[in-house]
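Just structure-v1.pdb here, PDB, C-alpha atoms and all ligand atoms:
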ATOM      1  CA  MET T   1     -17.050  13.029  96.263
ATOM      2  CA  SER T   2     -16.370  15.106  99.353
ATOM      3  CA  GLN T   3     -12.999  14.998 101.093
ATOM      4  CA  THR T   4     -12.292  11.888 103.114
ATOM      5  CA  ILE T   5     -12.047  12.619 106.820
ATOM      6  CA  ILE T   6      -8.968  11.400 108.672
ATOM      7  CA  ALA T   7      -9.432  10.616 112.356
ATOM      8  CA  PRO T   8      -6.234   9.732 114.242
ATOM      9  CA  SER T   9      -6.973   7.316 117.084
ATOM     10  CA  ILE T  10      -5.643   8.599 120.390
ATOM     11  CA  LEU T  11      -5.335   5.006 121.611
ATOM     12  CA  ALA T  12      -2.011   4.920 119.748
ATOM     13  CA  ALA T  13      -0.778   8.229 121.194
ATOM     14  CA  ASP T  14       1.927   8.484 123.855
ATOM     15  CA  PHE T  15      -0.158   8.763 127.034
ATOM     16  CA  ALA T  16       2.752  10.330 128.878
ATOM     17  CA  ASN T  17       2.799  13.081 126.244
ATOM     18  CA  LEU T  18      -0.893  13.354 125.541
ATOM     19  CA  GLN T  19      -1.027  17.128 125.228
ATOM     20  CA  ARG T  20       1.832  17.084 122.724
ATOM     21  CA  ASP T  21       0.073  14.462 120.623
ATOM     22  CA  ILE T  22      -3.240  16.323 120.788
ATOM     23  CA  GLU T  23      -1.510  19.487 119.566
ATOM     24  CA  MET T  24       0.037  17.451 116.752
ATOM     25  CA  VAL T  25      -3.475  16.516 115.601
ATOM     26  CA  ASN T  26      -4.712  20.116 116.085
ATOM     27  CA  ASN T  27      -1.909  21.422 113.899
ATOM     28  CA  SER T  28      -2.097  18.693 111.268
ATOM     29  CA  GLU T  29      -4.448  18.179 108.328
ATOM     30  CA  ALA T  30      -6.371  15.605 110.367
ATOM     31  CA  ASP T  31     -10.079  16.322 110.715
ATOM     32  CA  TRP T  32     -11.265  14.497 113.820
ATOM     33  CA  PHE T  33     -10.013  12.962 117.070
ATOM     34  CA  HIS T  34     -11.022   9.312 117.438
ATOM     35  CA  ILE T  35     -11.339   8.277 121.083
ATOM     36  CA  ASP T  36     -11.588   4.591 122.026
ATOM     37  CA  ILE T  37     -13.304   3.794 125.309
ATOM     38  CA  MET T  38     -13.027   0.123 126.392
ATOM     39  CA  ASP T  39     -14.484  -1.495 129.486
ATOM     40  CA  GLY T  40     -12.709  -4.854 129.665
ATOM     41  CA  VAL T  41     -16.112  -6.586 129.321
ATOM     42  CA  PHE T  42     -17.376  -5.884 125.817
ATOM     43  CA  VAL T  43     -13.781  -6.122 124.622
ATOM     44  CA  PRO T  44     -10.844  -7.885 126.304
ATOM     45  CA  ASN T  45      -8.991  -4.662 127.056
ATOM     46  CA  ILE T  46      -9.386  -1.481 129.114
ATOM     47  CA  SER T  47      -8.243   1.782 127.533
ATOM     48  CA  PHE T  48      -9.086   4.961 129.454
ATOM     49  CA  GLY T  49     -12.182   6.653 130.745
ATOM     50  CA  MET T  50     -13.861   9.908 131.653
ATOM     51  CA  PRO T  51     -11.040  11.867 133.361
ATOM     52  CA  VAL T  52      -8.752  11.269 130.396
ATOM     53  CA  LEU T  53     -11.441  12.266 127.896
ATOM     54  CA  LYS T  54     -12.045  15.414 129.944
ATOM     55  CA  ALA T  55      -8.352  16.284 129.681
ATOM     56  CA  ILE T  56      -8.338  15.570 125.936
ATOM     57  CA  SER T  57     -11.425  17.760 125.393
ATOM     58  CA  LYS T  58      -9.693  20.692 127.052
ATOM     59  CA  HIS T  59      -7.029  20.782 124.317
ATOM     60  CA  ALA T  60      -8.664  19.209 121.259
ATOM     61  CA  LYS T  61      -9.774  21.778 118.693
ATOM     62  CA  LYS T  62     -11.418  19.390 116.246
ATOM     63  CA  THR T  63     -14.454  17.100 116.223
ATOM     64  CA  ILE T  64     -14.351  14.537 119.035
ATOM     65  CA  ASP T  65     -15.486  11.147 117.780
ATOM     66  CA  VAL T  66     -16.011   8.768 120.696
ATOM     67  CA  HIS T  67     -16.136   5.015 120.049
ATOM     68  CA  LEU T  68     -17.685   3.186 122.997
ATOM     69  CA  MET T  69     -16.601  -0.430 123.260
ATOM     70  CA  ILE T  70     -18.616  -0.976 126.413
ATOM     71  CA  VAL T  71     -21.670  -2.955 127.492
ATOM     72  CA  ASP T  72     -24.849  -1.056 128.315
ATOM     73  CA  PRO T  73     -23.661   2.274 126.871
ATOM     74  CA  ASP T  74     -27.034   3.929 127.625
ATOM     75  CA  ARG T  75     -25.849   4.512 131.197
ATOM     76  CA  TYR T  76     -23.207   6.983 130.053
ATOM     77  CA  ILE T  77     -24.737   8.882 127.115
ATOM     78  CA  ARG T  78     -25.277  12.114 129.056
ATOM     79  CA  THR T  79     -21.816  11.895 130.641
ATOM     80  CA  PHE T  80     -20.122  11.630 127.258
ATOM     81  CA  ALA T  81     -22.108  14.623 125.985
ATOM     82  CA  GLU T  82     -20.960  16.635 128.992
ATOM     83  CA  LEU T  83     -17.371  15.606 128.318
ATOM     84  CA  GLY T  84     -17.455  17.232 124.901
ATOM     85  CA  SER T  85     -18.200  14.348 122.521
ATOM     86  CA  ASP T  86     -19.478  15.478 119.144
ATOM     87  CA  VAL T  87     -20.091  11.976 117.758
ATOM     88  CA  LEU T  88     -21.000   9.073 120.051
ATOM     89  CA  THR T  89     -20.743   5.587 118.569
ATOM     90  CA  VAL T  90     -22.134   2.511 120.293
ATOM     91  CA  HIS T  91     -21.760  -1.113 119.242
ATOM     92  CA  TYR T  92     -24.654  -2.872 117.548
ATOM     93  CA  GLU T  93     -23.706  -5.967 119.544
ATOM     94  CA  ALA T  94     -24.057  -4.084 122.856
ATOM     95  CA  CYS T  95     -27.478  -2.508 122.245
ATOM     96  CA  PRO T  96     -30.661  -4.583 122.502
ATOM     97  CA  HIS T  97     -32.731  -1.404 122.000
ATOM     98  CA  LEU T  98     -30.610   0.313 119.405
ATOM     99  CA  HIS T  99     -33.309   2.662 118.121
ATOM    100  CA  ARG T 100     -33.897   4.012 121.618
ATOM    101  CA  THR T 101     -30.169   4.397 122.221
ATOM    102  CA  LEU T 102     -29.763   6.393 118.990
ATOM    103  CA  GLN T 103     -32.569   8.754 119.958
ATOM    104  CA  ALA T 104     -31.021   9.254 123.396
ATOM    105  CA  ILE T 105     -27.664  10.181 121.831
ATOM    106  CA  LYS T 106     -29.332  12.738 119.560
ATOM    107  CA  THR T 107     -31.391  14.166 122.413
ATOM    108  CA  GLU T 108     -28.087  14.994 124.095
ATOM    109  CA  GLY T 109     -27.069  16.987 121.004
ATOM    110  CA  MET T 110     -24.524  14.512 119.575
ATOM    111  CA  LYS T 111     -24.309  12.719 116.243
ATOM    112  CA  ALA T 112     -25.237   9.052 116.657
ATOM    113  CA  GLY T 113     -22.957   6.287 115.421
ATOM    114  CA  VAL T 114     -23.250   2.495 115.328
ATOM    115  CA  ALA T 115     -20.184   0.251 115.125
ATOM    116  CA  LEU T 116     -20.301  -3.251 113.646
ATOM    117  CA  ASN T 117     -17.936  -6.043 114.631
ATOM    118  CA  PRO T 118     -16.315  -7.890 111.708
ATOM    119  CA  HIS T 119     -18.860 -10.729 111.897
ATOM    120  CA  THR T 120     -21.925  -8.473 111.994
ATOM    121  CA  ASN T 121     -23.657  -8.090 108.639
ATOM    122  CA  VAL T 122     -24.509  -4.551 107.544
ATOM    123  CA  SER T 123     -28.017  -5.652 106.494
ATOM    124  CA  LEU T 124     -28.954  -5.741 110.194
ATOM    125  CA  LEU T 125     -29.044  -1.933 110.123
ATOM    126  CA  GLU T 126     -31.559  -1.703 107.307
ATOM    127  CA  ASP T 127     -34.536  -0.766 109.480
ATOM    128  CA  VAL T 128     -32.700   1.912 111.397
ATOM    129  CA  ILE T 129     -30.269   3.366 108.848
ATOM    130  CA  GLN T 130     -32.199   6.643 108.501
ATOM    131  CA  ASP T 131     -31.638   7.269 112.208
ATOM    132  CA  ILE T 132     -27.874   6.710 112.097
ATOM    133  CA  ASP T 133     -25.458   9.567 111.397
ATOM    134  CA  LEU T 134     -22.435   7.278 111.097
ATOM    135  CA  VAL T 135     -21.784   3.560 110.743
ATOM    136  CA  CYS T 136     -18.362   2.462 111.929
ATOM    137  CA  ILE T 137     -17.319  -0.738 110.176
ATOM    138  CA  MET T 138     -14.728  -2.468 112.304
ATOM    139  CA  SER T 139     -11.949  -3.685 110.039
ATOM    140  CA  VAL T 140     -10.276  -5.476 112.977
ATOM    141  CA  ASN T 141     -11.742  -7.087 116.074
ATOM    142  CA  PRO T 142     -12.243  -4.228 118.533
ATOM    143  CA  GLY T 143     -10.023  -4.055 121.593
ATOM    144  CA  PHE T 144      -6.519  -3.337 120.368
ATOM    145  CA  GLY T 145      -4.621  -1.058 118.052
ATOM    146  CA  GLY T 146      -2.021  -2.313 115.605
ATOM    147  CA  GLN T 147      -3.912  -5.316 114.189
ATOM    148  CA  SER T 148      -4.066  -6.199 110.525
ATOM    149  CA  PHE T 149      -6.870  -5.092 108.276
ATOM    150  CA  ILE T 150      -9.617  -7.604 107.431
ATOM    151  CA  GLU T 151     -10.033  -7.699 103.636
ATOM    152  CA  ASN T 152     -13.764  -8.516 103.718
ATOM    153  CA  THR T 153     -14.271  -4.897 104.827
ATOM    154  CA  TYR T 154     -14.348  -3.648 101.221
ATOM    155  CA  ASP T 155     -17.454  -5.738 100.462
ATOM    156  CA  LYS T 156     -19.138  -4.513 103.639
ATOM    157  CA  VAL T 157     -18.501  -0.898 102.714
ATOM    158  CA  LYS T 158     -19.950  -1.403  99.234
ATOM    159  CA  GLN T 159     -23.011  -3.196 100.592
ATOM    160  CA  LEU T 160     -23.602  -0.495 103.181
ATOM    161  CA  LYS T 161     -23.137   2.304 100.661
ATOM    162  CA  LYS T 162     -25.752   0.680  98.437
ATOM    163  CA  MET T 163     -28.183   0.424 101.340
ATOM    164  CA  ILE T 164     -27.667   4.061 102.355
ATOM    165  CA  GLU T 165     -28.310   5.247  98.807
ATOM    166  CA  ALA T 166     -31.341   2.990  98.348
ATOM    167  CA  LYS T 167     -32.880   4.380 101.530
ATOM    168  CA  GLY T 168     -32.015   7.980 100.664
ATOM    169  CA  ALA T 169     -30.153   8.288 103.966
ATOM    170  CA  THR T 170     -27.265  10.672 104.706
ATOM    171  CA  THR T 171     -25.357   8.221 106.931
ATOM    172  CA  LYS T 172     -21.549   8.460 106.775
ATOM    173  CA  ILE T 173     -19.313   5.378 106.666
ATOM    174  CA  GLU T 174     -16.291   5.141 108.968
ATOM    175  CA  ILE T 175     -13.597   2.460 108.864
ATOM    176  CA  ASP T 176     -11.740   1.572 112.038
ATOM    177  CA  GLY T 177      -8.694  -0.686 112.311
ATOM    178  CA  GLY T 178      -5.580  -1.408 110.312
ATOM    179  CA  VAL T 179      -5.932   1.627 108.050
ATOM    180  CA  THR T 180      -2.725   2.568 106.203
ATOM    181  CA  ASN T 181      -1.663   4.122 102.903
ATOM    182  CA  LYS T 182      -2.068   0.614 101.414
ATOM    183  CA  ASN T 183      -5.853   0.439 101.826
ATOM    184  CA  ALA T 184      -7.001   4.061 102.317
ATOM    185  CA  LYS T 185      -7.652   4.855  98.659
ATOM    186  CA  GLN T 186      -9.504   1.620  97.975
ATOM    187  CA  LEU T 187     -11.660   2.172 101.057
ATOM    188  CA  ALA T 188     -12.575   5.692  99.956
ATOM    189  CA  GLU T 189     -13.401   4.405  96.481
ATOM    190  CA  ALA T 190     -15.640   1.716  97.986
ATOM    191  CA  GLY T 191     -17.595   4.442  99.800
ATOM    192  CA  ALA T 192     -15.833   5.218 103.075
ATOM    193  CA  ASP T 193     -16.170   8.814 104.312
ATOM    194  CA  ILE T 194     -14.043   8.650 107.476
ATOM    195  CA  LEU T 195     -10.844   6.691 108.051
ATOM    196  CA  VAL T 196      -9.598   6.079 111.583
ATOM    197  CA  ALA T 197      -5.851   5.532 111.820
ATOM    198  CA  GLY T 198      -4.046   4.821 115.068
ATOM    199  CA  SER T 199      -0.702   3.083 114.890
ATOM    200  CA  TYR T 200      -0.140   4.097 111.273
ATOM    201  CA  VAL T 201      -0.177   7.774 112.295
ATOM    202  CA  PHE T 202       1.307   7.746 115.797
ATOM    203  CA  GLY T 203       3.808   5.006 114.998
ATOM    204  CA  ALA T 204       5.250   7.053 112.135
ATOM    205  CA  THR T 205       8.504   8.970 112.461
ATOM    206  CA  ASN T 206       6.639  12.076 111.352
ATOM    207  CA  PRO T 207       2.912  11.798 112.206
ATOM    208  CA  THR T 208       2.052  15.242 110.798
ATOM    209  CA  GLN T 209       3.570  14.349 107.441
ATOM    210  CA  THR T 210       1.887  10.937 107.510
ATOM    211  CA  VAL T 211      -1.535  12.588 107.905
ATOM    212  CA  LYS T 212      -0.692  15.017 105.112
ATOM    213  CA  ASP T 213       0.362  12.179 102.818
ATOM    214  CA  LEU T 214      -2.867  10.304 103.554
ATOM    215  CA  LYS T 215      -4.907  13.394 102.685
ATOM    216  CA  THR T 216      -2.958  13.885  99.453
ATOM    217  CA  LEU T 217      -3.435  10.246  98.515
ATOM    218  CA  LEU T 218      -7.183  10.532  99.048
ATOM    219  CA  ASN T 219      -8.089  13.798  97.437
TER     220      ASN T 219
HETATM  221  C1  LIG T 301      -9.712  -0.833 118.008
HETATM  222  C2  LIG T 301     -10.012   0.632 118.022
HETATM  223  C3  LIG T 301      -9.346   1.405 116.952
HETATM  224  C4  LIG T 301      -7.836   1.402 117.039
HETATM  225  C5  LIG T 301      -7.299   1.484 115.638
HETATM  226  O1  LIG T 301     -10.491  -1.452 118.944
HETATM  227  O2  LIG T 301     -11.401   0.848 117.879
HETATM  228  O3  LIG T 301      -9.832   2.731 116.888
HETATM  229  O4  LIG T 301      -7.343   2.468 117.802
HETATM  230  O5  LIG T 301      -5.934   1.313 115.698
HETATM  231  P1  LIG T 301      -5.063   0.916 114.456
HETATM  232  O6  LIG T 301      -5.245   2.023 113.440
HETATM  233  O7  LIG T 301      -3.691   0.842 115.013
HETATM  234  O8  LIG T 301      -5.590  -0.383 113.934
HETATM  235 ZN    ZN T 302     -12.120   2.921 117.460
END

Output the file's structure as structure tokens, nothing else.
Ligand code: DX5
Ligand code: ZN
Amino acid sequence: MSQTIIAPSILAADFANLQRDIEMVNNSEADWFHIDIMDGVFVPNISFGMPVLKAISKHAKKTIDVHLMIVDPDRYIRTFAELGSDVLTVHYEACPHLHRTLQAIKTEGMKAGVALNPHTNVSLLEDVIQDIDLVCIMSVNPGFGGQSFIENTYDKVKQLKKMIEAKGATTKIEIDGGVTNKNAKQLAEAGADILVAGSYVFGATNPTQTVKDLKTLLN
């Protein structure tokens, strides 16, 4: 099994000390930056938008994984490519023409991700799994950091892993929400490749050490 990727979620960073927190991630054992974009329509919260992502991109030295929690994401695919996104994830629930959206993301040179809300069954991706670089299984309801992990996630990961293998796809599985040292190992064992962690990392007294400990626990 390859090393599990750790993606600290910038949503939990100190926005008044964003550069400091970005450098923390750069200098830590973390692998990716996870960036949550919320529009106040698809989810009941607004996070930050393009100017902030532009500022993050200027300093971030690792993969930029953008999670769009917005309606009609097709309108902004090119913009997010220009802002330095390496992975662009849209919500299944926000995309009536998901196949077209995935192609548009790839045309702009990014990896294409699809996020599933907790109530959305993974089987709905069966006909498009070969076209997806990453499936983000939401282990909380999207919109806020610091919520508790939904236990049903383990079964979803296993089901998705089975589907990916059956289809001979190379899709990676990401888990987003409530990830801590209590569930990280079990998630990786169930088939998760990428773990997003927001408040667990940035809420720690020593975030760098917390990332290191997570990596040690997983590998
Ligand atoms: C929730 C976001 C998550 C969030 C995770 O809508 O998609 O990425 O930042 O935060 P924690 O790890 O605190 O649950
Ligand atoms: Zn997210």

Give the residue list for ligand LIG 301 (chain T) at 6 Å, counting only C-alpha atoms and all ligand atoms, as a PyMOL selection string, sorted by chain and then by residue number.
chain T and resi 9+11+36+142-147+176-179+197-200

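For the residues T:Asp131, T:Glu151, T:Glu174, T:Glu108, ranking by smallest atom-to-atom distance to ligand ZN 302 (chain T) using all atoms listed in the file places T:Glu174 first.
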
At a cut-off of 12 Å around ligand ZN 302 (chain T), and using all atoms listed in the file, what residues come up? Please write them as a count of residues only.
54

Given the file shown, determine the residues that the PyMOL selection byres (((chain T and resi 95) around 10) and not hetatm) selects; report them as a count of residues only.
18

Please indicate the distance in Å from CA of Ile5 (chain T) to CA of Leu214 (chain T), rounded to one decimal place.
10.0 Å

Report the distance between CA of Arg78 (chain T) and CA of Ala104 (chain T) in Å, rounded to one decimal place.
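One can read the CA of Arg78 (chain T) to CA of Ala104 (chain T) distance as 8.6 Å.
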
Kindly indicate which residue among T:Glu165, T:Ile6, T:Val128, T:Ile105 lies nearest to Thr180 (chain T), using all atoms listed in the file for the distances.
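Smallest separation from Thr180 (chain T) among the options: T:Ile6.
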
Kindly list the centre and edge lengths in Å, rounded to one decimal, for the axis-aligned box that covers all listed atoms of region 172-187 of chain T plus 6 Å on each of its six sides, as lines of an AutoDock Vina configuration file.
center_x = -11.6
center_y = 3.5
center_z = 105.1
size_x = 31.9
size_y = 21.9
size_z = 26.3

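Residues with any atom within 8 Å of Val201 (chain T), counting all atoms listed in the file and excluding same-chain neighbours fewer than 5 positions away, are Pro8, Pro207, Thr208, Thr210 and Val211 of chain T.
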
Once the PyMOL selection byres (((chain T and resi 55) around 12) and not hetatm) has been applied to the shown file, what residues remain in the selection, as a short mmCIF file (atom, residue, chain, number, x, y, z; two decimals) with C-alpha atoms, keeping the file's coordinate frame?
data_model
loop_
_atom_site.label_atom_id
_atom_site.label_comp_id
_atom_site.auth_asym_id
_atom_site.auth_seq_id
_atom_site.Cartn_x
_atom_site.Cartn_y
_atom_site.Cartn_z
CA PHE T 15 -0.16 8.76 127.03
CA LEU T 18 -0.89 13.35 125.54
CA GLN T 19 -1.03 17.13 125.23
CA ILE T 22 -3.24 16.32 120.79
CA PHE T 48 -9.09 4.96 129.45
CA GLY T 49 -12.18 6.65 130.74
CA MET T 50 -13.86 9.91 131.65
CA PRO T 51 -11.04 11.87 133.36
CA VAL T 52 -8.75 11.27 130.40
CA LEU T 53 -11.44 12.27 127.90
CA LYS T 54 -12.04 15.41 129.94
CA ILE T 56 -8.34 15.57 125.94
CA SER T 57 -11.42 17.76 125.39
CA LYS T 58 -9.69 20.69 127.05
CA HIS T 59 -7.03 20.78 124.32
CA ALA T 60 -8.66 19.21 121.26
CA LEU T 83 -17.37 15.61 128.32
CA GLY T 84 -17.45 17.23 124.90
#

Do you have the CA of Thr120 (chain T)-CA of Phe149 (chain T) distance handy?
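We find that CA of Thr120 (chain T) and CA of Phe149 (chain T) lie 15.9 Å from each other.
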
Among T:Asp14, T:Glu189, T:Asp39, T:Asp31, Tyr154 (chain T) is approached most closely, using all atoms listed in the file, by T:Glu189

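In this comparison, which uses all atoms listed in the file, the residue of T:Leu134, T:Ala81, T:Ala184, T:Leu217 approaching Ala169 (chain T) most closely is T:Leu134.
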
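Minimum distance to Ser123 (chain T) across T:Val157, T:Ile77, T:Val87, T:Met163 (counting only C-alpha atoms) occurs at T:Met163.
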